[in-house]
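Structure first, then comments.
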Amino acid sequence: MELTIRKGTMADVESFIGLMTEVHAEMEQKEWFCMDSPEVIRKAMEAGNMELWVAMDGQRMAGALGVLHPGLEEYNYG
């Protein structure tokens, strides 16, 4: 396995959502992971309020980090 880490783009959003959904589904303690809805993730990326970093194994997403910077958006919970 050879990982490449790069800044994610809108083209990576659906894979990111899929990866998070897959991880959450396999977790025994699901309450440990509070996943934003796909709509919030898409909206934040489109607005430039989310920074996404992806670890790629060839064409496959092996890991990712999404950092939400919502400012005063309505989905800013805290």
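Residues in the structure tokens are numbered from 1 in each chain, the chains being A, B, ... in the order shown, and ligands are numbered from 1 in the order shown.
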
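Every residue of chain A found in strand (DSSP E) when DSSP is run on the backbone appears here: Leu3, Thr4, Ile5, Arg6, Lys7, Met50, Glu51, Leu52, Trp53, Val54, Ala55, Met56, Asp57, Arg60, Met61, Ala62, Gly63, Ala64, Leu65, Gly66, Val67 and Leu68 of chain A.
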
Mind writing the picked residues with N, CA and C atoms as a PDB file, in the first residue's frame?
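Writing done, so here's out-v5.pdb:
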ATOM      1  N   LEU A   3       0.313   5.268   0.244  1.00  0.00           N
ATOM      2  CA  LEU A   3      -0.658   6.338   0.452  1.00  0.00           C
ATOM      3  C   LEU A   3      -0.139   7.668  -0.061  1.00  0.00           C
ATOM      4  N   THR A   4      -1.057   8.413  -0.635  1.00  0.00           N
ATOM      5  CA  THR A   4      -0.807   9.787  -1.048  1.00  0.00           C
ATOM      6  C   THR A   4      -1.814  10.649  -0.305  1.00  0.00           C
ATOM      7  N   ILE A   5      -1.346  11.703   0.336  1.00  0.00           N
ATOM      8  CA  ILE A   5      -2.241  12.608   1.050  1.00  0.00           C
ATOM      9  C   ILE A   5      -2.298  13.911   0.276  1.00  0.00           C
ATOM     10  N   ARG A   6      -3.533  14.364   0.049  1.00  0.00           N
ATOM     11  CA  ARG A   6      -3.722  15.608  -0.703  1.00  0.00           C
ATOM     12  C   ARG A   6      -4.976  16.315  -0.217  1.00  0.00           C
ATOM     13  N   LYS A   7      -5.094  17.572  -0.571  1.00  0.00           N
ATOM     14  CA  LYS A   7      -6.290  18.330  -0.248  1.00  0.00           C
ATOM     15  C   LYS A   7      -7.439  17.827  -1.119  1.00  0.00           C
ATOM     16  N   MET A  50     -15.694  24.043   4.508  1.00  0.00           N
ATOM     17  CA  MET A  50     -15.141  22.761   4.946  1.00  0.00           C
ATOM     18  C   MET A  50     -13.845  22.499   4.203  1.00  0.00           C
ATOM     19  N   GLU A  51     -12.868  22.080   4.964  1.00  0.00           N
ATOM     20  CA  GLU A  51     -11.578  21.698   4.400  1.00  0.00           C
ATOM     21  C   GLU A  51     -11.512  20.176   4.453  1.00  0.00           C
ATOM     22  N   LEU A  52     -11.152  19.569   3.354  1.00  0.00           N
ATOM     23  CA  LEU A  52     -11.114  18.116   3.258  1.00  0.00           C
ATOM     24  C   LEU A  52      -9.710  17.674   2.848  1.00  0.00           C
ATOM     25  N   TRP A  53      -9.178  16.727   3.597  1.00  0.00           N
ATOM     26  CA  TRP A  53      -7.894  16.116   3.264  1.00  0.00           C
ATOM     27  C   TRP A  53      -8.138  14.632   3.103  1.00  0.00           C
ATOM     28  N   VAL A  54      -7.583  14.046   2.055  1.00  0.00           N
ATOM     29  CA  VAL A  54      -7.819  12.638   1.766  1.00  0.00           C
ATOM     30  C   VAL A  54      -6.506  11.879   1.641  1.00  0.00           C
ATOM     31  N   ALA A  55      -6.520  10.636   2.125  1.00  0.00           N
ATOM     32  CA  ALA A  55      -5.404   9.707   1.955  1.00  0.00           C
ATOM     33  C   ALA A  55      -5.845   8.704   0.900  1.00  0.00           C
ATOM     34  N   MET A  56      -5.111   8.647  -0.187  1.00  0.00           N
ATOM     35  CA  MET A  56      -5.482   7.788  -1.304  1.00  0.00           C
ATOM     36  C   MET A  56      -4.495   6.637  -1.446  1.00  0.00           C
ATOM     37  N   ASP A  57      -5.056   5.456  -1.678  1.00  0.00           N
ATOM     38  CA  ASP A  57      -4.275   4.276  -2.037  1.00  0.00           C
ATOM     39  C   ASP A  57      -4.603   4.014  -3.499  1.00  0.00           C
ATOM     40  N   ARG A  60      -8.334   4.575  -4.603  1.00  0.00           N
ATOM     41  CA  ARG A  60      -9.231   4.266  -3.489  1.00  0.00           C
ATOM     42  C   ARG A  60      -8.943   5.174  -2.300  1.00  0.00           C
ATOM     43  N   MET A  61     -10.004   5.751  -1.734  1.00  0.00           N
ATOM     44  CA  MET A  61      -9.853   6.582  -0.547  1.00  0.00           C
ATOM     45  C   MET A  61      -9.645   5.666   0.651  1.00  0.00           C
ATOM     46  N   ALA A  62      -8.494   5.804   1.294  1.00  0.00           N
ATOM     47  CA  ALA A  62      -8.154   4.962   2.432  1.00  0.00           C
ATOM     48  C   ALA A  62      -8.412   5.656   3.763  1.00  0.00           C
ATOM     49  N   GLY A  63      -8.542   6.958   3.745  1.00  0.00           N
ATOM     50  CA  GLY A  63      -8.791   7.730   4.949  1.00  0.00           C
ATOM     51  C   GLY A  63      -9.072   9.166   4.575  1.00  0.00           C
ATOM     52  N   ALA A  64      -9.632   9.901   5.514  1.00  0.00           N
ATOM     53  CA  ALA A  64      -9.959  11.296   5.224  1.00  0.00           C
ATOM     54  C   ALA A  64     -10.124  12.085   6.516  1.00  0.00           C
ATOM     55  N   LEU A  65      -9.942  13.374   6.405  1.00  0.00           N
ATOM     56  CA  LEU A  65     -10.172  14.300   7.502  1.00  0.00           C
ATOM     57  C   LEU A  65     -10.975  15.467   6.949  1.00  0.00           C
ATOM     58  N   GLY A  66     -12.117  15.710   7.537  1.00  0.00           N
ATOM     59  CA  GLY A  66     -12.933  16.854   7.156  1.00  0.00           C
ATOM     60  C   GLY A  66     -12.992  17.829   8.312  1.00  0.00           C
ATOM     61  N   VAL A  67     -12.654  19.078   8.058  1.00  0.00           N
ATOM     62  CA  VAL A  67     -12.665  20.111   9.090  1.00  0.00           C
ATOM     63  C   VAL A  67     -13.696  21.155   8.686  1.00  0.00           C
ATOM     64  N   LEU A  68     -14.720  21.293   9.512  1.00  0.00           N
ATOM     65  CA  LEU A  68     -15.811  22.215   9.234  1.00  0.00           C
ATOM     66  C   LEU A  68     -15.528  23.565   9.878  1.00  0.00           C
TER      67      LEU A  68
END

- Message: Would you pick out the contacts of Phe33 (chain A) at 10 Å or less, using only C-alpha atoms, so that residues sharing its chain but fewer than 6 positions from it are not included, and give the list as a PyMOL selection string?
- Response: chain A and resi 20+23-24+27

Go ahead and dump the residues you just picked, all heavy atoms, as a PDB file, in the first residue's frame.
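Output file selection-v9.pdb follows:
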ATOM      1  N   MET A  20     -17.281   7.599   5.408  1.00  0.00           N
ATOM      2  CA  MET A  20     -17.794   7.860   6.755  1.00  0.00           C
ATOM      3  C   MET A  20     -19.001   6.979   7.064  1.00  0.00           C
ATOM      4  O   MET A  20     -19.131   6.462   8.170  1.00  0.00           O
ATOM      5  CB  MET A  20     -18.157   9.340   6.919  1.00  0.00           C
ATOM      6  CG  MET A  20     -16.961  10.232   7.000  1.00  0.00           C
ATOM      7  SD  MET A  20     -17.293  11.888   7.640  1.00  0.00           S
ATOM      8  CE  MET A  20     -18.871  12.293   6.981  1.00  0.00           C
ATOM      9  N   VAL A  23     -17.721   3.402   7.747  1.00  0.00           N
ATOM     10  CA  VAL A  23     -17.072   3.310   9.058  1.00  0.00           C
ATOM     11  C   VAL A  23     -18.128   3.308  10.156  1.00  0.00           C
ATOM     12  O   VAL A  23     -18.092   2.475  11.073  1.00  0.00           O
ATOM     13  CB  VAL A  23     -16.059   4.455   9.260  1.00  0.00           C
ATOM     14  CG1 VAL A  23     -15.617   4.559  10.714  1.00  0.00           C
ATOM     15  CG2 VAL A  23     -14.857   4.264   8.351  1.00  0.00           C
ATOM     16  N   HIS A  24     -19.086   4.212  10.079  1.00  0.00           N
ATOM     17  CA  HIS A  24     -20.135   4.300  11.098  1.00  0.00           C
ATOM     18  C   HIS A  24     -20.935   3.006  11.174  1.00  0.00           C
ATOM     19  O   HIS A  24     -21.257   2.520  12.270  1.00  0.00           O
ATOM     20  CB  HIS A  24     -21.061   5.491  10.811  1.00  0.00           C
ATOM     21  CG  HIS A  24     -22.061   5.718  11.888  1.00  0.00           C
ATOM     22  ND1 HIS A  24     -23.362   5.325  11.771  1.00  0.00           N
ATOM     23  CD2 HIS A  24     -21.939   6.289  13.121  1.00  0.00           C
ATOM     24  CE1 HIS A  24     -24.017   5.641  12.874  1.00  0.00           C
ATOM     25  NE2 HIS A  24     -23.171   6.228  13.706  1.00  0.00           N
ATOM     26  N   MET A  27     -19.121   0.361  13.234  1.00  0.00           N
ATOM     27  CA  MET A  27     -18.756   0.667  14.620  1.00  0.00           C
ATOM     28  C   MET A  27     -19.680  -0.039  15.606  1.00  0.00           C
ATOM     29  O   MET A  27     -20.888  -0.077  15.405  1.00  0.00           O
ATOM     30  CB  MET A  27     -18.821   2.178  14.873  1.00  0.00           C
ATOM     31  CG  MET A  27     -17.756   2.957  14.155  1.00  0.00           C
ATOM     32  SD  MET A  27     -17.868   4.735  14.470  1.00  0.00           S
ATOM     33  CE  MET A  27     -17.350   4.790  16.184  1.00  0.00           C
TER      34      MET A  27
END

- Task: Enter the distance from CA of His69 (chain A) to CA of Ala44 (chain A), in Å, rounded to one decimal.
- Result: 8.2 Å

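Those residues of region 1-74 of chain A that DSSP, working from the backbone, places in alpha helix (DSSP H) are Val13, Glu14, Ser15, Phe16, Ile17, Gly18, Leu19, Met20, Thr21, Glu22, Val23, His24, Ala25, Glu26, Pro38, Glu39, Val40, Ile41, Arg42, Lys43, Ala44, Met45, Glu46 and Ala47 of chain A.
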
Write the selection just made, keeping N, CA, C and O atoms, as an mmCIF file, in the first residue's frame?
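Generated file (part_36.cif):
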data_model
loop_
_atom_site.group_PDB
_atom_site.id
_atom_site.type_symbol
_atom_site.label_atom_id
_atom_site.label_comp_id
_atom_site.auth_asym_id
_atom_site.auth_seq_id
_atom_site.Cartn_x
_atom_site.Cartn_y
_atom_site.Cartn_z
ATOM 1 N N VAL A 13 -16.080 14.457 -2.496
ATOM 2 C CA VAL A 13 -17.114 14.529 -1.460
ATOM 3 C C VAL A 13 -17.933 13.248 -1.356
ATOM 4 O O VAL A 13 -18.165 12.739 -0.253
ATOM 5 N N GLU A 14 -18.371 12.703 -2.466
ATOM 6 C CA GLU A 14 -19.211 11.500 -2.399
ATOM 7 C C GLU A 14 -18.432 10.312 -1.835
ATOM 8 O O GLU A 14 -18.980 9.523 -1.054
ATOM 9 N N SER A 15 -17.156 10.191 -2.185
ATOM 10 C CA SER A 15 -16.326 9.122 -1.615
ATOM 11 C C SER A 15 -16.128 9.333 -0.121
ATOM 12 O O SER A 15 -16.136 8.374 0.663
ATOM 13 N N PHE A 16 -15.950 10.576 0.287
ATOM 14 C CA PHE A 16 -15.802 10.920 1.705
ATOM 15 C C PHE A 16 -17.061 10.536 2.475
ATOM 16 O O PHE A 16 -16.989 9.897 3.527
ATOM 17 N N ILE A 17 -18.219 10.902 1.955
ATOM 18 C CA ILE A 17 -19.487 10.555 2.593
ATOM 19 C C ILE A 17 -19.643 9.037 2.670
ATOM 20 O O ILE A 17 -20.040 8.490 3.704
ATOM 21 N N GLY A 18 -19.307 8.350 1.592
ATOM 22 C CA GLY A 18 -19.391 6.887 1.577
ATOM 23 C C GLY A 18 -18.472 6.241 2.595
ATOM 24 O O GLY A 18 -18.860 5.283 3.278
ATOM 25 N N LEU A 19 -17.254 6.755 2.716
ATOM 26 C CA LEU A 19 -16.290 6.216 3.673
ATOM 27 C C LEU A 19 -16.794 6.409 5.099
ATOM 28 O O LEU A 19 -16.762 5.483 5.913
ATOM 29 N N MET A 20 -17.281 7.599 5.408
ATOM 30 C CA MET A 20 -17.794 7.860 6.755
ATOM 31 C C MET A 20 -19.001 6.979 7.064
ATOM 32 O O MET A 20 -19.131 6.462 8.170
ATOM 33 N N THR A 21 -19.876 6.798 6.089
ATOM 34 C CA THR A 21 -21.058 5.956 6.274
ATOM 35 C C THR A 21 -20.649 4.506 6.539
ATOM 36 O O THR A 21 -21.206 3.845 7.423
ATOM 37 N N GLU A 22 -19.670 4.033 5.784
ATOM 38 C CA GLU A 22 -19.175 2.660 5.949
ATOM 39 C C GLU A 22 -18.537 2.458 7.323
ATOM 40 O O GLU A 22 -18.796 1.455 7.997
ATOM 41 N N VAL A 23 -17.721 3.402 7.747
ATOM 42 C CA VAL A 23 -17.072 3.310 9.058
ATOM 43 C C VAL A 23 -18.128 3.308 10.156
ATOM 44 O O VAL A 23 -18.092 2.475 11.073
ATOM 45 N N HIS A 24 -19.086 4.212 10.079
ATOM 46 C CA HIS A 24 -20.135 4.300 11.098
ATOM 47 C C HIS A 24 -20.935 3.006 11.174
ATOM 48 O O HIS A 24 -21.257 2.520 12.270
ATOM 49 N N ALA A 25 -21.244 2.413 10.044
ATOM 50 C CA ALA A 25 -22.022 1.177 10.004
ATOM 51 C C ALA A 25 -21.300 0.025 10.700
ATOM 52 O O ALA A 25 -21.940 -0.867 11.264
ATOM 53 N N GLU A 26 -19.976 0.034 10.665
ATOM 54 C CA GLU A 26 -19.188 -1.052 11.251
ATOM 55 C C GLU A 26 -18.830 -0.826 12.719
ATOM 56 O O GLU A 26 -18.314 -1.732 13.371
ATOM 57 N N PRO A 38 -25.115 14.126 4.812
ATOM 58 C CA PRO A 38 -24.512 14.377 3.493
ATOM 59 C C PRO A 38 -24.843 15.763 2.948
ATOM 60 O O PRO A 38 -23.997 16.397 2.318
ATOM 61 N N GLU A 39 -26.040 16.258 3.237
ATOM 62 C CA GLU A 39 -26.434 17.584 2.756
ATOM 63 C C GLU A 39 -25.568 18.674 3.378
ATOM 64 O O GLU A 39 -25.154 19.612 2.690
ATOM 65 N N VAL A 40 -25.299 18.560 4.676
ATOM 66 C CA VAL A 40 -24.458 19.550 5.366
ATOM 67 C C VAL A 40 -23.041 19.505 4.804
ATOM 68 O O VAL A 40 -22.426 20.546 4.556
ATOM 69 N N ILE A 41 -22.524 18.308 4.584
ATOM 70 C CA ILE A 41 -21.166 18.166 4.046
ATOM 71 C C ILE A 41 -21.080 18.782 2.655
ATOM 72 O O ILE A 41 -20.165 19.560 2.372
ATOM 73 N N ARG A 42 -22.032 18.459 1.797
ATOM 74 C CA ARG A 42 -22.025 19.025 0.434
ATOM 75 C C ARG A 42 -22.127 20.546 0.467
ATOM 76 O O ARG A 42 -21.396 21.251 -0.229
ATOM 77 N N LYS A 43 -23.057 21.058 1.274
ATOM 78 C CA LYS A 43 -23.272 22.507 1.368
ATOM 79 C C LYS A 43 -22.019 23.211 1.896
ATOM 80 O O LYS A 43 -21.622 24.252 1.373
ATOM 81 N N ALA A 44 -21.382 22.627 2.909
ATOM 82 C CA ALA A 44 -20.185 23.234 3.489
ATOM 83 C C ALA A 44 -19.031 23.249 2.493
ATOM 84 O O ALA A 44 -18.296 24.243 2.396
ATOM 85 N N MET A 45 -18.864 22.175 1.752
ATOM 86 C CA MET A 45 -17.800 22.138 0.737
ATOM 87 C C MET A 45 -18.076 23.148 -0.368
ATOM 88 O O MET A 45 -17.166 23.860 -0.801
ATOM 89 N N GLU A 46 -19.314 23.211 -0.832
ATOM 90 C CA GLU A 46 -19.668 24.159 -1.894
ATOM 91 C C GLU A 46 -19.459 25.594 -1.453
ATOM 92 O O GLU A 46 -19.038 26.437 -2.242
ATOM 93 N N ALA A 47 -19.741 25.886 -0.175
ATOM 94 C CA ALA A 47 -19.610 27.247 0.354
ATOM 95 C C ALA A 47 -18.168 27.577 0.751
ATOM 96 O O ALA A 47 -17.867 28.722 1.086
#
